[in-house]
>>> print(open('protein.cif').read())   # mmCIF, C-alpha atoms (C1' of nucleotides)
data_final
#
loop_
_atom_site.label_atom_id
_atom_site.label_comp_id
_atom_site.auth_asym_id
_atom_site.auth_seq_id
_atom_site.Cartn_x
_atom_site.Cartn_y
_atom_site.Cartn_z
CA MET R 1 87.56 137.27 -79.32
CA ARG R 2 88.68 140.79 -78.45
CA ARG R 3 88.74 142.27 -74.99
CA LEU R 4 86.95 145.54 -74.33
CA GLY R 5 89.24 148.43 -73.43
CA ARG R 6 88.67 151.38 -71.18
CA SER R 7 87.27 153.62 -73.93
CA PHE R 8 84.36 151.22 -74.36
CA PHE R 9 83.08 152.15 -70.88
CA ALA R 10 83.67 155.89 -71.13
CA GLY R 11 80.23 156.80 -72.52
CA ASP R 12 77.02 157.48 -70.68
CA PRO R 13 75.66 154.50 -68.73
CA ALA R 14 72.60 153.84 -70.90
CA ALA R 15 74.70 153.66 -74.05
CA VAL R 16 77.23 151.36 -72.40
CA ALA R 17 74.47 149.17 -70.96
CA ARG R 18 73.01 148.76 -74.43
CA ALA R 19 76.40 148.07 -75.98
CA LEU R 20 77.30 145.43 -73.40
CA LEU R 21 74.46 143.16 -74.51
CA GLY R 22 75.85 140.20 -76.41
CA THR R 23 79.38 140.63 -75.05
CA LEU R 24 81.16 137.98 -73.01
CA LEU R 25 81.90 138.31 -69.32
CA VAL R 26 85.03 136.29 -68.57
CA VAL R 27 86.53 135.31 -65.23
CA ARG R 28 89.98 133.75 -65.14
CA ASP R 29 90.35 131.41 -62.22
CA GLY R 30 93.82 129.89 -62.50
CA PRO R 31 93.75 127.29 -65.29
CA THR R 32 89.97 127.38 -65.70
CA LYS R 33 87.94 130.11 -67.33
CA ARG R 34 84.29 130.93 -66.76
CA VAL R 35 82.45 132.63 -69.61
CA ALA R 36 78.91 134.00 -69.89
CA ARG R 37 77.15 136.04 -72.55
CA VAL R 38 75.46 139.16 -71.19
CA VAL R 39 71.75 139.30 -72.04
CA GLU R 40 70.37 141.84 -69.54
CA THR R 41 71.84 145.06 -68.13
CA GLU R 42 70.72 148.13 -66.21
CA ALA R 43 72.15 151.65 -66.25
CA TYR R 44 72.58 153.69 -63.07
CA GLY R 45 73.53 157.36 -62.91
CA GLY R 46 74.72 159.69 -60.19
CA ALA R 47 73.22 162.86 -58.72
CA ASP R 48 70.58 162.79 -61.45
CA ASP R 49 69.35 159.27 -60.63
CA PRO R 50 67.40 158.73 -57.39
CA ALA R 51 67.60 154.96 -57.84
CA SER R 52 71.41 154.96 -57.84
CA HIS R 53 73.65 154.24 -54.87
CA ALA R 54 75.57 157.38 -55.87
CA PHE R 55 72.53 159.68 -55.76
CA ARG R 56 73.51 161.28 -52.44
CA GLY R 57 77.18 161.57 -53.23
CA PRO R 58 80.12 159.27 -52.56
CA THR R 59 79.96 156.89 -49.60
CA PRO R 60 82.48 154.22 -48.60
CA ARG R 61 80.47 151.65 -50.52
CA CYS R 62 79.81 153.46 -53.81
CA ALA R 63 82.93 155.64 -54.06
CA VAL R 64 84.18 153.44 -56.89
CA MET R 65 81.32 154.74 -59.06
CA PHE R 66 82.94 158.18 -59.08
CA GLY R 67 86.24 156.85 -60.37
CA PRO R 68 87.48 156.02 -63.87
CA PRO R 69 85.41 153.86 -66.27
CA GLY R 70 86.05 150.16 -66.72
CA VAL R 71 86.42 149.47 -63.01
CA LEU R 72 84.25 146.87 -61.27
CA TYR R 73 81.79 147.96 -58.60
CA VAL R 74 80.62 144.89 -56.67
CA TYR R 75 78.28 145.31 -53.73
CA LYS R 76 76.25 142.97 -51.54
CA SER R 77 72.52 143.13 -51.92
CA TYR R 78 70.13 142.33 -49.08
CA GLY R 79 73.12 141.04 -47.15
CA VAL R 80 73.17 137.95 -49.32
CA HIS R 81 73.93 138.37 -53.01
CA TRP R 82 76.90 139.92 -54.77
CA CYS R 83 75.93 142.20 -57.66
CA ALA R 84 78.46 143.08 -60.37
CA ASN R 85 78.62 146.47 -62.06
CA VAL R 86 81.16 148.16 -64.29
CA VAL R 87 81.77 151.88 -63.87
CA THR R 88 81.01 154.10 -66.88
CA GLY R 89 81.42 157.76 -67.83
CA PRO R 90 84.35 160.07 -67.15
CA ARG R 91 86.16 160.15 -63.83
CA GLY R 92 84.37 162.40 -61.35
CA THR R 93 80.87 161.61 -62.58
CA ALA R 94 79.11 158.66 -61.00
CA SER R 95 77.52 155.98 -63.15
CA ALA R 96 77.65 152.24 -63.66
CA VAL R 97 76.04 149.32 -65.46
CA LEU R 98 74.65 146.31 -63.57
CA VAL R 99 74.84 142.88 -65.20
CA ARG R 100 71.46 141.39 -64.41
CA ALA R 101 71.42 138.18 -66.43
CA ALA R 102 73.67 136.13 -68.68
CA GLU R 103 73.89 132.87 -70.55
CA LEU R 104 76.60 130.66 -69.08
CA LEU R 105 78.82 129.10 -71.77
CA ALA R 106 81.71 127.64 -69.76
CA PRO R 107 82.54 125.55 -67.81
CA GLU R 108 79.04 124.30 -68.65
CA PRO R 109 75.92 125.76 -70.24
CA GLY R 110 73.27 127.36 -68.05
CA HIS R 111 71.02 130.34 -67.48
CA LEU R 112 72.11 132.97 -64.98
CA ARG R 113 68.82 134.59 -64.22
CA GLY R 114 69.33 137.54 -61.85
CA PRO R 115 72.41 139.48 -60.74
CA GLY R 116 73.04 137.29 -57.70
CA ARG R 117 73.19 134.16 -59.82
CA VAL R 118 75.55 135.78 -62.32
CA THR R 119 78.13 136.52 -59.64
CA ARG R 120 77.72 133.18 -57.89
CA ALA R 121 78.21 131.13 -61.08
CA LEU R 122 81.20 133.16 -62.26
CA GLY R 123 82.86 133.51 -58.87
CA VAL R 124 82.74 137.31 -58.68
CA THR R 125 82.77 138.72 -55.13
CA GLY R 126 83.41 141.94 -53.26
CA ALA R 127 87.12 141.18 -53.54
CA ASP R 128 86.84 142.09 -57.24
CA SER R 129 85.37 145.54 -56.51
CA GLY R 130 87.75 148.26 -57.61
CA SER R 131 89.64 146.06 -60.06
CA ASP R 132 90.13 147.36 -63.59
CA CYS R 133 88.43 145.23 -66.27
CA SER R 134 90.49 146.83 -69.00
CA ALA R 135 93.85 145.98 -67.44
CA ARG R 136 95.97 143.39 -69.24
CA ASP R 137 96.14 141.10 -66.23
CA ALA R 138 92.51 141.55 -65.18
CA ARG R 139 90.91 138.51 -63.53
CA VAL R 140 87.49 139.72 -64.68
CA PHE R 141 87.01 141.30 -68.09
CA PHE R 142 84.58 141.76 -70.97
CA ALA R 143 85.18 140.58 -74.54
CA ARG R 144 83.51 140.65 -77.94
CA ASP R 145 83.23 137.63 -80.22
CA ALA R 146 81.79 136.92 -83.65
CA VAL R 147 78.44 135.76 -82.28
CA GLY R 148 77.43 138.84 -80.30
CA LEU R 149 73.70 139.41 -80.41
CA ALA R 150 73.32 136.93 -83.28
CA GLY R 151 70.73 139.17 -84.89
CA ALA R 152 68.46 139.24 -81.84
CA ASP R 153 66.43 142.37 -81.08
CA VAL R 154 67.12 144.59 -78.09
CA GLU R 155 64.45 146.21 -75.94
CA ALA R 156 64.61 148.99 -73.32
CA THR R 157 62.29 148.60 -70.31
CA PRO R 158 61.95 150.07 -66.81
CA ARG R 159 64.48 148.85 -64.24
CA VAL R 160 63.69 146.03 -61.86
CA GLY R 161 63.63 146.03 -58.07
CA ILE R 162 63.82 149.78 -57.45
CA SER R 163 61.27 152.16 -55.92
CA ARG R 164 62.41 155.54 -57.27
CA ALA R 165 62.75 156.77 -60.86
CA VAL R 166 60.83 153.63 -61.77
CA GLU R 167 59.74 154.94 -65.15
CA ARG R 168 63.15 155.40 -66.78
CA PRO R 169 63.74 152.79 -69.51
CA TRP R 170 67.28 152.01 -68.44
CA ARG R 171 67.05 148.23 -68.42
CA PHE R 172 68.22 146.60 -71.64
CA VAL R 173 67.42 143.04 -72.62
CA VAL R 174 67.96 140.67 -75.51
CA CYS R 175 64.37 140.06 -76.58
CA ALA R 176 62.81 136.77 -75.50
CA HIS R 177 66.07 135.33 -74.20
CA PRO R 178 65.44 132.41 -71.80
CA ALA R 179 67.98 133.69 -69.27
CA LEU R 180 66.20 137.00 -68.64
CA SER R 181 65.55 137.64 -64.97
CA ARG R 182 61.96 138.65 -65.66
CA ARG R 183 59.55 138.35 -68.51
CA THR R 184 58.67 141.60 -70.18
CA PRO R 185 54.93 142.24 -70.01
CA ALA R 186 53.21 142.00 -73.36
CA SER R 187 52.34 145.51 -74.52
CA THR R 188 49.43 145.35 -76.93
"C1'" DC K 1 51.70 128.25 -63.27
"C1'" DC K 2 51.63 132.74 -60.47
"C1'" DA K 3 51.71 135.52 -56.28
"C1'" DA K 4 53.15 136.41 -51.69
"C1'" DA K 5 56.34 136.58 -48.09
"C1'" DG K 6 60.57 135.08 -45.35
"C1'" DA K 7 65.53 135.06 -45.00
"C1'" DT K 8 69.45 137.74 -44.49
"C1'" DG K 9 73.03 141.38 -42.94
"C1'" DT K 10 75.23 145.58 -44.80
"C1'" DT K 11 74.76 150.42 -45.41
"C1'" DC K 12 73.36 154.83 -44.43
"C1'" DT K 13 70.41 158.17 -41.63
"C1'" DG M 1 66.21 151.89 -36.99
"C1'" DA M 2 64.82 151.64 -41.80
"C1'" DA M 3 65.79 150.62 -46.28
"C1'" DC M 4 67.57 147.69 -49.63
"C1'" DA M 5 69.70 147.48 -57.71
"C1'" DT M 6 67.59 139.75 -54.40
"C1'" DC M 7 66.55 134.69 -54.23
"C1'" DT M 8 64.03 130.88 -52.53
"C1'" DT M 9 60.26 128.58 -50.71
"C1'" DT M 10 55.63 128.10 -49.88
"C1'" DG M 11 50.87 128.10 -50.79
"C1'" DG M 12 47.04 129.00 -53.81
"C1'" DT M 13 44.69 128.50 -58.36
#
>>> encode(input="protein.cif", output="structure tokens")
Amino acid sequence: MRRLGRSFFAGDPAAVARALLGTLLVVRDGPTKRVARVVETEAYGGADDPASHAFRGPTPRCAVMFGPPGVLYVYKSYGVHWCANVVTGPRGTASAVLVRAAELLAPEPGHLRGPGRVTRALGVTGADSGSDCSARDARVFFARDAVGLAGADVEATPRVGISRAVERPWRFVVCAHPALSRRTPAST
DNA sequence: CCAAAGATGTTCT
DNA sequence: GAACATCTTTGGT
């Protein structure tokens, strides 16, 4: 199992979102470790993406998105749910990848269907926003193992839960995975 | 099983 | 004051 370094996150958000599928999201919590395999992600841009928090420039909330890649951006959605992103692209440009769904491996198996459930099960909160996933002592980090996608297919679909730039295929899923937050409509 | 709507409070205009 | 990168419950089929 090898941890992902900063260079992994330096590309454009769609490429990173695609590459994150099958990786492990790990949270160290003292002696215990929580691990989940990422099965659904979404890419968000900056000034070019009307659906992004960063579309209208930096604000106190989304300023992290303009910083260096590999840093967590955690925000509260609808006043209730924490949503975990990792910043992508070079410093100065805004972009990030949202982890929408994952398969929980430890401390016990489960399906984390939706971004709010991912953060709740792993214990990620706003306190983690701004922390560097690629740092040696990171509490939250990504890692690669031998299983990865296990040969599964990947599909790009429109993003979920947004009202602008709806048509961009910037949501990436592991096909037919039971932990997906939504079923993909059959296209015949 | 699927669709609709309420809860909830932070963020930005 | 309106919008919101969501989740749960309720009610209908």
>>> residues_near_point(input="protein.cif", point="(71.2, 148.5, -46.6)", cutoff="9 Å", atoms="only C-alpha atoms (C1' of nucleotides)", output="ChimeraX atom specification")
/R:76-79 /K:9-12 /M:2-4
>>> atom_distance(input="protein.cif", atom1="CA of Ala96 (chain R)", atom2="CA of Arg34 (chain R)")
22.5 Å
>>> atom_distance(input="protein.cif", atom1="CA of Cys175 (chain R)", atom2="CA of Val39 (chain R)")
8.7 Å
>>> resolve_selection(input="protein.cif", expression="the PyMOL selection byres ((chain M) within 8 of (chain R))", output="PyMOL selection string")
chain M and resi 4-7
>>> resolve_selection(input="protein.cif", expression="the PyMOL selection byres ((chain R and resi 149-153) around 7)", output="PyMOL selection string")
chain R and resi 22+147-148+154-155+174-175
>>> residues_around(input="protein.cif", residues="DA4 (chain K)", least_positions_apart="3", cutoff="12 Å", atoms="only C-alpha atoms (C1' of nucleotides)", output="count of residues only")
4
>>> closest_residue(input="protein.cif", among="R:Ala143, R:Ala138, R:Cys62, R:Leu21", to="chain K", atoms="all atoms listed in the file")
R:Cys62
>>> decode(input="protein.cif", residues="chain M", atoms="N, CA, C and O atoms (P, O5', C5', C4', C3', O3' and C1' of nucleotides)", output="short mmCIF file (atom, residue, chain, number, x, y, z; two decimals), in the first residue's frame")
data_model
loop_
_atom_site.label_atom_id
_atom_site.label_comp_id
_atom_site.auth_asym_id
_atom_site.auth_seq_id
_atom_site.Cartn_x
_atom_site.Cartn_y
_atom_site.Cartn_z
P DG M 1 -36.17 39.58 4.95
"O5'" DG M 1 -35.38 38.82 3.82
"C5'" DG M 1 -35.46 39.40 2.52
"C4'" DG M 1 -34.81 38.48 1.52
"C3'" DG M 1 -35.41 37.08 1.45
"O3'" DG M 1 -35.46 36.70 0.09
"C1'" DG M 1 -33.12 36.89 1.87
P DA M 2 -36.37 35.56 -0.42
"O5'" DA M 2 -35.31 34.85 -1.38
"C5'" DA M 2 -34.37 35.65 -2.08
"C4'" DA M 2 -33.27 34.75 -2.60
"C3'" DA M 2 -33.75 33.36 -3.00
"O3'" DA M 2 -33.13 33.02 -4.21
"C1'" DA M 2 -32.08 33.18 -1.33
P DA M 3 -33.47 31.69 -4.95
"O5'" DA M 3 -32.09 30.94 -4.72
"C5'" DA M 3 -30.87 31.64 -4.93
"C4'" DA M 3 -29.72 30.79 -4.47
"C3'" DA M 3 -29.83 29.33 -4.90
"O3'" DA M 3 -28.59 28.94 -5.44
"C1'" DA M 3 -29.46 29.47 -2.57
P DC M 4 -28.47 27.63 -6.34
"O5'" DC M 4 -27.80 26.60 -5.33
"C5'" DC M 4 -26.59 26.95 -4.67
"C4'" DC M 4 -26.39 26.01 -3.50
"C3'" DC M 4 -26.83 24.56 -3.76
"O3'" DC M 4 -25.74 23.73 -4.19
"C1'" DC M 4 -27.32 25.31 -1.54
P DA M 5 -24.27 23.90 -4.42
"O5'" DA M 5 -23.86 22.37 -4.57
"C5'" DA M 5 -24.71 21.45 -5.23
"C4'" DA M 5 -24.10 20.05 -5.10
"C3'" DA M 5 -23.94 19.57 -3.67
"O3'" DA M 5 -23.98 18.16 -3.63
"C1'" DA M 5 -21.81 19.83 -4.61
P DT M 6 -25.43 17.48 -3.37
"O5'" DT M 6 -25.57 17.63 -1.78
"C5'" DT M 6 -24.58 17.14 -0.88
"C4'" DT M 6 -25.26 16.48 0.31
"C3'" DT M 6 -25.77 15.06 0.06
"O3'" DT M 6 -25.31 14.24 1.11
"C1'" DT M 6 -27.50 16.40 0.95
P DC M 7 -25.54 12.68 1.10
"O5'" DC M 7 -26.70 12.39 2.14
"C5'" DC M 7 -26.48 12.74 3.50
"C4'" DC M 7 -27.76 12.56 4.31
"C3'" DC M 7 -28.37 11.16 4.22
"O3'" DC M 7 -28.68 10.75 5.53
"C1'" DC M 7 -30.00 12.80 3.70
P DT M 8 -29.13 9.27 5.88
"O5'" DT M 8 -30.62 9.47 6.37
"C5'" DT M 8 -30.91 10.53 7.28
"C4'" DT M 8 -32.41 10.76 7.30
"C3'" DT M 8 -33.23 9.46 7.34
"O3'" DT M 8 -34.03 9.48 8.49
"C1'" DT M 8 -34.06 10.96 5.67
P DT M 9 -34.92 8.19 8.90
"O5'" DT M 9 -36.40 8.74 8.65
"C5'" DT M 9 -36.69 10.10 8.91
"C4'" DT M 9 -37.99 10.50 8.23
"C3'" DT M 9 -39.07 9.40 8.29
"O3'" DT M 9 -40.29 10.02 8.64
"C1'" DT M 9 -38.74 10.09 6.06
P DT M 10 -41.54 9.10 9.11
"O5'" DT M 10 -42.63 9.52 8.02
"C5'" DT M 10 -42.69 10.88 7.59
"C4'" DT M 10 -43.35 10.93 6.23
"C3'" DT M 10 -44.57 10.00 6.11
"O3'" DT M 10 -45.66 10.75 5.62
"C1'" DT M 10 -43.10 9.71 4.27
P DG M 11 -47.16 10.16 5.92
"O5'" DG M 11 -47.70 9.96 4.43
"C5'" DG M 11 -47.45 10.96 3.45
"C4'" DG M 11 -47.52 10.36 2.06
"C3'" DG M 11 -48.63 9.30 1.90
"O3'" DG M 11 -49.28 9.52 0.65
"C1'" DG M 11 -46.60 8.43 1.18
P DG M 12 -50.66 8.74 0.36
"O5'" DG M 12 -50.44 8.34 -1.16
"C5'" DG M 12 -49.84 9.26 -2.07
"C4'" DG M 12 -49.18 8.50 -3.20
"C3'" DG M 12 -50.08 7.43 -3.83
"O3'" DG M 12 -49.99 7.48 -5.25
"C1'" DG M 12 -48.06 6.45 -3.14
P DT M 13 -51.23 6.82 -6.06
"O5'" DT M 13 -50.54 5.61 -6.83
"C5'" DT M 13 -49.34 5.80 -7.57
"C4'" DT M 13 -48.62 4.48 -7.78
"C3'" DT M 13 -49.50 3.34 -8.27
"O3'" DT M 13 -48.99 2.85 -9.51
"C1'" DT M 13 -48.00 2.62 -6.56
#
